[in-house]
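Asker: Structure file target-v5.pdb, PDB, C-alpha atoms, is pasted below:
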```
ATOM      1  CA  MET A   1     318.589 -39.810 142.243
ATOM      2  CA  GLU A   2     315.846 -38.002 140.335
ATOM      3  CA  LEU A   3     316.639 -40.162 137.338
ATOM      4  CA  LEU A   4     316.236 -43.311 139.434
ATOM      5  CA  VAL A   5     312.868 -42.124 140.770
ATOM      6  CA  PHE A   6     311.723 -41.253 137.255
ATOM      7  CA  VAL A   7     312.728 -44.628 135.828
ATOM      8  CA  LEU A   8     311.178 -46.635 138.678
ATOM      9  CA  ALA A   9     307.916 -44.672 138.624
ATOM     10  CA  SER A  10     307.723 -44.918 134.833
ATOM     11  CA  VAL A  11     308.194 -48.667 135.008
ATOM     12  CA  MET A  12     305.359 -48.785 137.560
ATOM     13  CA  VAL A  13     303.107 -46.685 135.325
ATOM     14  CA  LEU A  14     303.760 -48.630 132.136
ATOM     15  CA  ALA A  15     303.630 -52.069 133.761
ATOM     16  CA  GLY A  16     300.319 -51.219 135.409
ATOM     17  CA  ALA A  17     298.905 -49.845 132.162
ATOM     18  CA  VAL A  18     299.899 -52.946 130.214
ATOM     19  CA  GLY A  19     298.396 -55.021 133.014
ATOM     20  CA  VAL A  20     295.081 -53.185 132.701
ATOM     21  CA  ILE A  21     294.704 -54.063 129.037
ATOM     22  CA  ALA A  22     296.288 -57.528 129.193
ATOM     23  CA  TYR A  23     294.762 -59.230 132.240
ATOM     24  CA  ARG A  24     291.688 -61.297 131.481
ATOM     25  CA  ASN A  25     290.204 -60.938 134.947
ATOM     26  CA  PRO A  26     288.735 -57.453 135.690
ATOM     27  CA  VAL A  27     289.931 -57.652 139.324
ATOM     28  CA  HIS A  28     293.525 -58.047 138.173
ATOM     29  CA  ALA A  29     293.023 -55.182 135.707
ATOM     30  CA  ALA A  30     291.830 -52.979 138.594
ATOM     31  CA  LEU A  31     294.971 -53.872 140.564
ATOM     32  CA  GLY A  32     297.077 -52.914 137.544
ATOM     33  CA  LEU A  33     295.216 -49.599 137.520
ATOM     34  CA  VAL A  34     296.213 -49.070 141.175
ATOM     35  CA  LEU A  35     299.870 -49.607 140.236
ATOM     36  CA  THR A  36     299.598 -47.038 137.446
ATOM     37  CA  LEU A  37     297.886 -44.485 139.686
ATOM     38  CA  PHE A  38     300.562 -44.843 142.366
ATOM     39  CA  GLY A  39     303.263 -44.389 139.737
ATOM     40  CA  VAL A  40     301.593 -41.199 138.519
ATOM     41  CA  ALA A  41     301.415 -40.018 142.151
ATOM     42  CA  VAL A  42     305.174 -40.570 142.476
ATOM     43  CA  HIS A  43     305.686 -38.466 139.357
ATOM     44  CA  PHE A  44     303.501 -35.740 140.881
ATOM     45  CA  VAL A  45     305.667 -35.705 144.022
ATOM     46  CA  SER A  46     308.846 -35.467 141.985
ATOM     47  CA  MET A  47     307.313 -32.531 140.080
ATOM     48  CA  GLU A  48     306.540 -30.696 143.353
ATOM     49  CA  ALA A  49     302.769 -31.157 143.042
ATOM     50  CA  HIS A  50     302.355 -32.480 146.569
ATOM     51  CA  PHE A  51     298.666 -31.734 146.985
ATOM     52  CA  LEU A  52     297.757 -33.401 143.699
ATOM     53  CA  ALA A  53     299.812 -36.453 144.668
ATOM     54  CA  ALA A  54     297.806 -36.760 147.890
ATOM     55  CA  VAL A  55     294.530 -36.299 146.015
ATOM     56  CA  GLN A  56     295.662 -38.840 143.436
ATOM     57  CA  VAL A  57     296.238 -41.491 146.101
ATOM     58  CA  ILE A  58     293.125 -40.670 148.141
ATOM     59  CA  VAL A  59     290.575 -40.087 145.377
ATOM     60  CA  TYR A  60     291.846 -42.271 142.538
ATOM     61  CA  ALA A  61     293.537 -45.196 144.251
ATOM     62  CA  GLY A  62     291.328 -44.905 147.313
ATOM     63  CA  ALA A  63     287.848 -44.112 146.061
ATOM     64  CA  ILE A  64     287.591 -44.785 142.340
ATOM     65  CA  VAL A  65     289.369 -48.140 142.270
ATOM     66  CA  VAL A  66     287.419 -49.281 145.328
ATOM     67  CA  LEU A  67     284.253 -48.298 143.453
ATOM     68  CA  PHE A  68     285.408 -50.394 140.497
ATOM     69  CA  LEU A  69     286.103 -53.358 142.763
ATOM     70  CA  PHE A  70     282.712 -52.962 144.458
ATOM     71  CA  VAL A  71     280.929 -53.019 141.105
ATOM     72  CA  ILE A  72     282.925 -56.075 140.007
ATOM     73  CA  MET A  73     281.967 -57.781 143.256
ATOM     74  CA  LEU A  74     278.332 -56.665 143.072
ATOM     75  CA  LEU A  75     277.783 -57.838 139.517
ATOM     76  CA  GLY A  76     279.828 -60.996 139.832
ATOM     77  CA  VAL A  77     281.578 -60.248 136.555
ATOM     78  CA  ASP A  78     284.863 -61.567 137.886
ATOM     79  CA  ARG A  79     284.796 -64.312 135.282
ATOM     80  CA  ALA A  80     287.792 -64.104 133.042
ATOM     81  CA  GLU A  81     287.040 -62.656 129.648
ATOM     82  CA  ASP A  82     288.110 -64.905 126.817
ATOM     83  CA  LEU A  83     290.577 -62.727 124.984
ATOM     84  CA  ASP A  84     290.921 -65.196 122.130
ATOM     85  CA  VAL A  85     287.435 -64.501 120.814
ATOM     86  CA  GLU A  86     287.573 -61.768 118.208
ATOM     87  CA  PRO A  87     284.237 -60.699 116.721
ATOM     88  CA  PHE A  88     285.958 -58.537 114.136
ATOM     89  CA  LYS A  89     289.102 -60.110 112.773
ATOM     90  CA  ILE A  90     290.857 -56.894 111.892
ATOM     91  CA  GLN A  91     289.914 -54.972 115.043
ATOM     92  CA  ARG A  92     292.911 -55.831 117.198
ATOM     93  CA  PRO A  93     295.724 -55.141 114.704
ATOM     94  CA  LEU A  94     293.914 -52.014 113.565
ATOM     95  CA  ALA A  95     293.616 -50.781 117.169
ATOM     96  CA  VAL A  96     297.323 -51.367 117.777
ATOM     97  CA  ILE A  97     298.206 -49.536 114.555
ATOM     98  CA  VAL A  98     295.975 -46.567 115.417
ATOM     99  CA  GLY A  99     297.263 -46.383 118.997
ATOM    100  CA  ALA A 100     300.895 -46.603 117.910
ATOM    101  CA  SER A 101     300.328 -43.919 115.271
ATOM    102  CA  VAL A 102     298.706 -41.529 117.744
ATOM    103  CA  THR A 103     301.492 -42.122 120.251
ATOM    104  CA  GLY A 104     304.137 -41.639 117.582
ATOM    105  CA  LEU A 105     302.543 -38.420 116.379
ATOM    106  CA  VAL A 106     302.385 -36.964 119.892
ATOM    107  CA  ILE A 107     305.982 -37.986 120.636
ATOM    108  CA  ALA A 108     307.134 -36.465 117.351
ATOM    109  CA  ALA A 109     305.317 -33.222 118.163
ATOM    110  CA  VAL A 110     306.823 -33.130 121.665
ATOM    111  CA  VAL A 111     310.338 -33.800 120.403
ATOM    112  CA  ARG A 112     310.029 -31.190 117.658
ATOM    113  CA  GLY A 113     308.669 -28.574 120.052
ATOM    114  CA  ARG A 114     311.051 -29.221 122.929
ATOM    115  CA  SER A 115     312.998 -26.020 122.244
ATOM    116  CA  THR A 116     309.974 -23.972 123.317
ATOM    117  CA  LEU A 117     309.873 -25.661 126.715
ATOM    118  CA  GLY A 118     313.255 -24.503 127.928
ATOM    119  CA  GLU A 119     314.906 -25.831 131.029
ATOM    120  CA  MET A 120     312.998 -26.909 134.077
ATOM    121  CA  SER A 121     313.348 -24.389 136.865
ATOM    122  CA  ASP A 122     315.220 -25.923 139.750
ATOM    123  CA  ALA A 123     313.956 -23.486 142.352
ATOM    124  CA  ALA A 124     313.175 -25.771 145.259
ATOM    125  CA  ALA A 125     309.826 -24.704 146.685
ATOM    126  CA  PRO A 126     309.130 -25.075 150.408
ATOM    127  CA  GLY A 127     306.794 -27.884 151.364
ATOM    128  CA  ASP A 128     303.569 -25.937 151.898
ATOM    129  CA  ASP A 129     304.149 -23.445 149.113
ATOM    130  CA  ASN A 130     302.464 -25.637 146.528
ATOM    131  CA  ILE A 131     299.238 -25.978 148.497
ATOM    132  CA  ARG A 132     299.150 -22.263 149.239
ATOM    133  CA  ALA A 133     299.663 -21.278 145.605
ATOM    134  CA  LEU A 134     297.107 -23.805 144.417
ATOM    135  CA  ALA A 135     294.511 -22.594 146.919
ATOM    136  CA  ARG A 136     295.082 -18.947 145.998
ATOM    137  CA  ASN A 137     294.667 -19.772 142.310
ATOM    138  CA  LEU A 138     291.623 -21.983 142.863
ATOM    139  CA  TYR A 139     289.721 -19.615 145.139
ATOM    140  CA  SER A 140     290.454 -16.421 143.234
ATOM    141  CA  ASP A 141     290.728 -17.084 139.498
ATOM    142  CA  HIS A 142     288.663 -20.244 139.284
ATOM    143  CA  VAL A 143     286.150 -19.783 142.068
ATOM    144  CA  LEU A 144     283.113 -19.965 139.761
ATOM    145  CA  ALA A 145     284.301 -23.242 138.264
ATOM    146  CA  PHE A 146     284.967 -24.522 141.760
ATOM    147  CA  GLU A 147     281.401 -23.750 142.838
ATOM    148  CA  LEU A 148     279.996 -25.321 139.667
ATOM    149  CA  THR A 149     281.954 -28.449 140.580
ATOM    150  CA  SER A 150     279.718 -28.908 143.602
ATOM    151  CA  VAL A 151     276.644 -28.704 141.349
ATOM    152  CA  LEU A 152     278.217 -31.335 139.085
ATOM    153  CA  LEU A 153     278.829 -33.677 142.010
ATOM    154  CA  ILE A 154     275.271 -33.286 143.306
ATOM    155  CA  VAL A 155     273.848 -34.000 139.847
ATOM    156  CA  ALA A 156     276.109 -37.049 139.489
ATOM    157  CA  VAL A 157     275.070 -38.468 142.859
ATOM    158  CA  VAL A 158     271.344 -37.912 142.282
ATOM    159  CA  GLY A 159     271.583 -39.270 138.741
ATOM    160  CA  THR A 160     273.314 -42.434 139.890
ATOM    161  CA  VAL A 161     270.746 -43.060 142.610
ATOM    162  CA  VAL A 162     267.927 -42.631 140.074
ATOM    163  CA  LEU A 163     269.680 -44.880 137.546
ATOM    164  CA  THR A 164     270.315 -47.798 139.841
ATOM    165  CA  ARG A 165     267.036 -47.661 141.772
ATOM    166  CA  ARG A 166     264.923 -50.762 141.345
ATOM    167  CA  SER A 167     261.471 -49.807 140.122
ATOM    168  CA  ARG A 168     258.575 -50.976 142.282
ATOM    169  CA  ARG A 169     256.173 -51.099 139.361
ATOM    170  CA  PRO A 170     256.492 -54.372 137.504
ATOM    171  CA  GLU A 171     255.490 -52.990 134.097
ATOM    172  CA  VAL A 172     258.464 -50.657 134.023
ATOM    173  CA  SER A 173     261.044 -53.313 134.735
ATOM    174  CA  GLN A 174     261.165 -55.479 131.684
TER     175      GLN A 174
ATOM    176  CA  MET B   1     321.180 -36.217 134.217
ATOM    177  CA  THR B   2     317.796 -35.150 135.479
ATOM    178  CA  PRO B   3     314.489 -35.871 133.735
ATOM    179  CA  THR B   4     313.258 -32.936 131.682
ATOM    180  CA  THR B   5     309.732 -31.966 130.720
ATOM    181  CA  THR B   6     310.101 -33.784 127.412
ATOM    182  CA  TRP B   7     310.576 -37.103 129.189
ATOM    183  CA  TYR B   8     307.389 -36.655 131.149
ATOM    184  CA  LEU B   9     305.489 -35.697 127.992
ATOM    185  CA  VAL B  10     306.774 -38.766 126.149
ATOM    186  CA  LEU B  11     305.757 -40.966 129.087
ATOM    187  CA  ALA B  12     302.310 -39.350 129.060
ATOM    188  CA  ALA B  13     301.991 -39.979 125.319
ATOM    189  CA  VAL B  14     302.877 -43.657 125.749
ATOM    190  CA  LEU B  15     300.411 -44.018 128.634
ATOM    191  CA  PHE B  16     297.709 -42.343 126.546
ATOM    192  CA  GLY B  17     298.447 -44.707 123.659
ATOM    193  CA  ILE B  18     298.195 -47.785 125.888
ATOM    194  CA  GLY B  19     294.869 -46.539 127.240
ATOM    195  CA  ALA B  20     293.550 -45.865 123.736
ATOM    196  CA  VAL B  21     294.552 -49.326 122.509
ATOM    197  CA  GLY B  22     292.892 -50.903 125.538
ATOM    198  CA  LEU B  23     289.720 -48.935 124.902
ATOM    199  CA  MET B  24     289.589 -50.198 121.331
ATOM    200  CA  VAL B  25     290.553 -53.806 122.085
ATOM    201  CA  ARG B  26     288.717 -54.759 125.276
ATOM    202  CA  ARG B  27     284.992 -55.496 125.306
ATOM    203  CA  ASN B  28     284.259 -55.617 129.022
ATOM    204  CA  PRO B  29     282.690 -52.221 129.857
ATOM    205  CA  LEU B  30     284.425 -52.060 133.254
ATOM    206  CA  VAL B  31     287.866 -52.569 131.727
ATOM    207  CA  MET B  32     287.057 -49.985 129.068
ATOM    208  CA  PHE B  33     286.326 -47.532 131.884
ATOM    209  CA  MET B  34     289.693 -48.312 133.441
ATOM    210  CA  CYS B  35     291.335 -47.528 130.099
ATOM    211  CA  ILE B  36     289.591 -44.151 130.062
ATOM    212  CA  GLU B  37     291.090 -43.526 133.511
ATOM    213  CA  LEU B  38     294.520 -44.356 132.086
ATOM    214  CA  MET B  39     294.067 -41.760 129.351
ATOM    215  CA  LEU B  40     292.871 -39.127 131.847
ATOM    216  CA  ASN B  41     295.927 -39.818 134.000
ATOM    217  CA  ALA B  42     298.209 -39.404 131.008
ATOM    218  CA  VAL B  43     296.722 -35.968 130.364
ATOM    219  CA  ASN B  44     297.051 -35.078 134.062
ATOM    220  CA  LEU B  45     300.715 -36.028 133.956
ATOM    221  CA  SER B  46     301.359 -33.742 131.004
ATOM    222  CA  PHE B  47     299.412 -30.903 132.672
ATOM    223  CA  VAL B  48     301.606 -31.111 135.764
ATOM    224  CA  ALA B  49     304.747 -31.323 133.630
ATOM    225  CA  PHE B  50     303.739 -28.148 131.797
ATOM    226  CA  ALA B  51     302.824 -26.439 135.063
ATOM    227  CA  ARG B  52     306.323 -27.117 136.303
ATOM    228  CA  ALA B  53     308.001 -26.165 133.042
ATOM    229  CA  PHE B  54     306.330 -22.758 132.915
ATOM    230  CA  THR B  55     306.125 -22.314 136.729
ATOM    231  CA  ASP B  56     302.409 -21.625 136.329
ATOM    232  CA  ILE B  57     300.062 -23.093 138.928
ATOM    233  CA  ASP B  58     297.119 -23.003 136.482
ATOM    234  CA  GLY B  59     298.140 -26.405 135.156
ATOM    235  CA  GLN B  60     297.718 -27.987 138.565
ATOM    236  CA  THR B  61     294.322 -26.332 138.957
ATOM    237  CA  ALA B  62     293.280 -27.906 135.657
ATOM    238  CA  VAL B  63     294.378 -31.307 136.971
ATOM    239  CA  PHE B  64     292.247 -30.726 140.063
ATOM    240  CA  PHE B  65     289.155 -30.143 137.921
ATOM    241  CA  VAL B  66     289.971 -33.117 135.706
ATOM    242  CA  MET B  67     290.054 -35.309 138.804
ATOM    243  CA  VAL B  68     286.668 -34.036 139.994
ATOM    244  CA  VAL B  69     285.066 -34.568 136.604
ATOM    245  CA  ALA B  70     286.668 -38.016 136.326
ATOM    246  CA  ALA B  71     285.199 -38.996 139.689
ATOM    247  CA  ALA B  72     281.718 -37.817 138.649
ATOM    248  CA  GLU B  73     282.074 -39.576 135.303
ATOM    249  CA  VAL B  74     283.047 -42.855 136.960
ATOM    250  CA  VAL B  75     280.088 -42.641 139.332
ATOM    251  CA  VAL B  76     277.563 -42.073 136.536
ATOM    252  CA  GLY B  77     279.195 -44.588 134.202
ATOM    253  CA  LEU B  78     279.290 -47.337 136.797
ATOM    254  CA  GLY B  79     275.645 -46.599 137.619
ATOM    255  CA  ILE B  80     274.742 -47.128 133.961
ATOM    256  CA  ILE B  81     276.836 -50.303 133.772
ATOM    257  CA  VAL B  82     275.206 -51.693 136.925
ATOM    258  CA  SER B  83     271.701 -51.011 135.644
ATOM    259  CA  ILE B  84     272.499 -52.641 132.269
ATOM    260  CA  LEU B  85     274.326 -55.673 133.597
ATOM    261  CA  ARG B  86     271.665 -56.328 136.219
ATOM    262  CA  ASN B  87     269.206 -57.205 133.457
ATOM    263  CA  ARG B  88     271.725 -58.974 131.243
ATOM    264  CA  PRO B  89     274.604 -60.510 133.165
ATOM    265  CA  GLY B  90     277.829 -60.926 131.265
ATOM    266  CA  ALA B  91     276.953 -58.497 128.484
ATOM    267  CA  THR B  92     279.863 -57.052 126.538
ATOM    268  CA  VAL B  93     279.719 -53.747 124.729
ATOM    269  CA  ASP B  94     279.068 -55.601 121.470
ATOM    270  CA  ASP B  95     275.739 -56.813 122.860
ATOM    271  CA  LEU B  96     274.513 -53.295 123.653
ATOM    272  CA  ALA B  97     273.124 -52.116 120.336
ATOM    273  CA  GLU B  98     269.501 -51.210 121.098
ATOM    274  CA  LEU B  99     269.954 -47.634 119.937
ATOM    275  CA  ARG B 100     271.399 -48.692 116.608
ATOM    276  CA  GLY B 101     269.489 -47.006 113.794
TER     277      GLY B 101
END
```
The structure in this file should be written as structure tokens.

Answerer:
Amino acid sequence: MELLVFVLASVMVLAGAVGVIAYRNPVHAALGLVLTLFGVAVHFVSMEAHFLAAVQVIVYAGAIVVLFLFVIMLLGVDRAEDLDVEPFKIQRPLAVIVGASVTGLVIAAVVRGRSTLGEMSDAAAPGDDNIRALARNLYSDHVLAFELTSVLLIVAVVGTVVLTRRSRRPEVSQ
Amino acid sequence: MTPTTTWYLVLAAVLFGIGAVGLMVRRNPLVMFMCIELMLNAVNLSFVAFARAFTDIDGQTAVFFVMVVAAAEVVVGLGIIVSILRNRPGATVDDLAELRG
């Protein structure tokens, strides 16, 4: 059963990821991203990270992808990109080679070091235990980082408003 | 046969590789941002796998912070993209070379 869930969710993740880089239209790429994010959320559930799975669906699939789609709509860049045009001839094969090498290196490192990981503990945690443990960790050990997060979000919001504001003065807008 | 931590880590590595290739191949700035999200998700997946392998909740806390920073990064990045593409519609990242020395 767990194997079936793993295989199905992995197929979702990989198909969505390939869709993101292969679709010409940015809207279709965003929908591929949604598929990937849902697959990762399924993996989170199967690894007992229930709170993170909920946050993944709400924040990533809910907020971030909708933001992407809004920007695509706002800018009208839903024209399909011509993937046949290559400014640098060697860029695409080189990118595939580099990506495959990095992936191969990481997989080799993981496979070599798998003896240090040991077996997964099969202790089935109760449903709300994950949230409780996460909250205790977040609000005791990492409380300063948690508070700084709010500063980060405020700065991001103010910065974005300043960036996208249309200037009233004509000499500033070129 | 149940999936072990190694399987999740291999899946995360493949997802990271796909995101990296997309980042290097695509020229639409929005799609490049989506590829960065793919790579962040790959790292999140491996964090949660490690958190389960070592029964240490710190890994999930790290994922929480990664998500917050990713959200802030997307907001700022999309703001920059909007302000650039408003002046020059249809610009790809190859056209944005004003700061080149």

Asker: Please identify all residues of chain B having at least one atom at most 8 Å from any atom of chain A, considering only C-alpha atoms, and return them as a ChimeraX atom specification.

Answerer: /B:1-6,9-11,13-22,24-26,28,30-31,34-35,38,41,45,48-49,52-55,57-58,60-61,63-65,68-69,71-76,78-80,82-83,85-86,89-90

Asker: Skipping near chain neighbours, those fewer than 4 positions away, what residues fall within 9 Å of Thr92 (chain B) using all atoms listed in the file, listed as a list in words?

Answerer: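 After dropping sequence-adjacent residues, the list is Arg27, Asn28, Pro29 and Leu96 of chain B.
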
Asker: Quick check, in Å to one decimal: how far apart do CA of Val42 (chain A) and CA of Ala54 (chain A) lie?

Answerer: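 These atoms are spaced 9.9 Å apart.
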
Asker: Please, what distance in Å, to one decimal, runs between CA of Ser46 (chain A) and CA of Asp56 (chain B)?

Answerer: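 Distance reported for this atom pair: 16.3 Å.
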
Asker: Return the single residue from B:Met67, B:Ala62, B:Asp95, B:Leu23 that is closest to Phe50 (chain B), with distances computed using all atoms listed in the file.

Answerer: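 With all atoms listed in the file as the atom set, the closest residue is B:Ala62.
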
Asker: Report, in Å with one decimal, the straight-line distance from CA of Val66 (chain B) to CA of Ala42 (chain B).

Answerer: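 So the answer is 11.4 Å.
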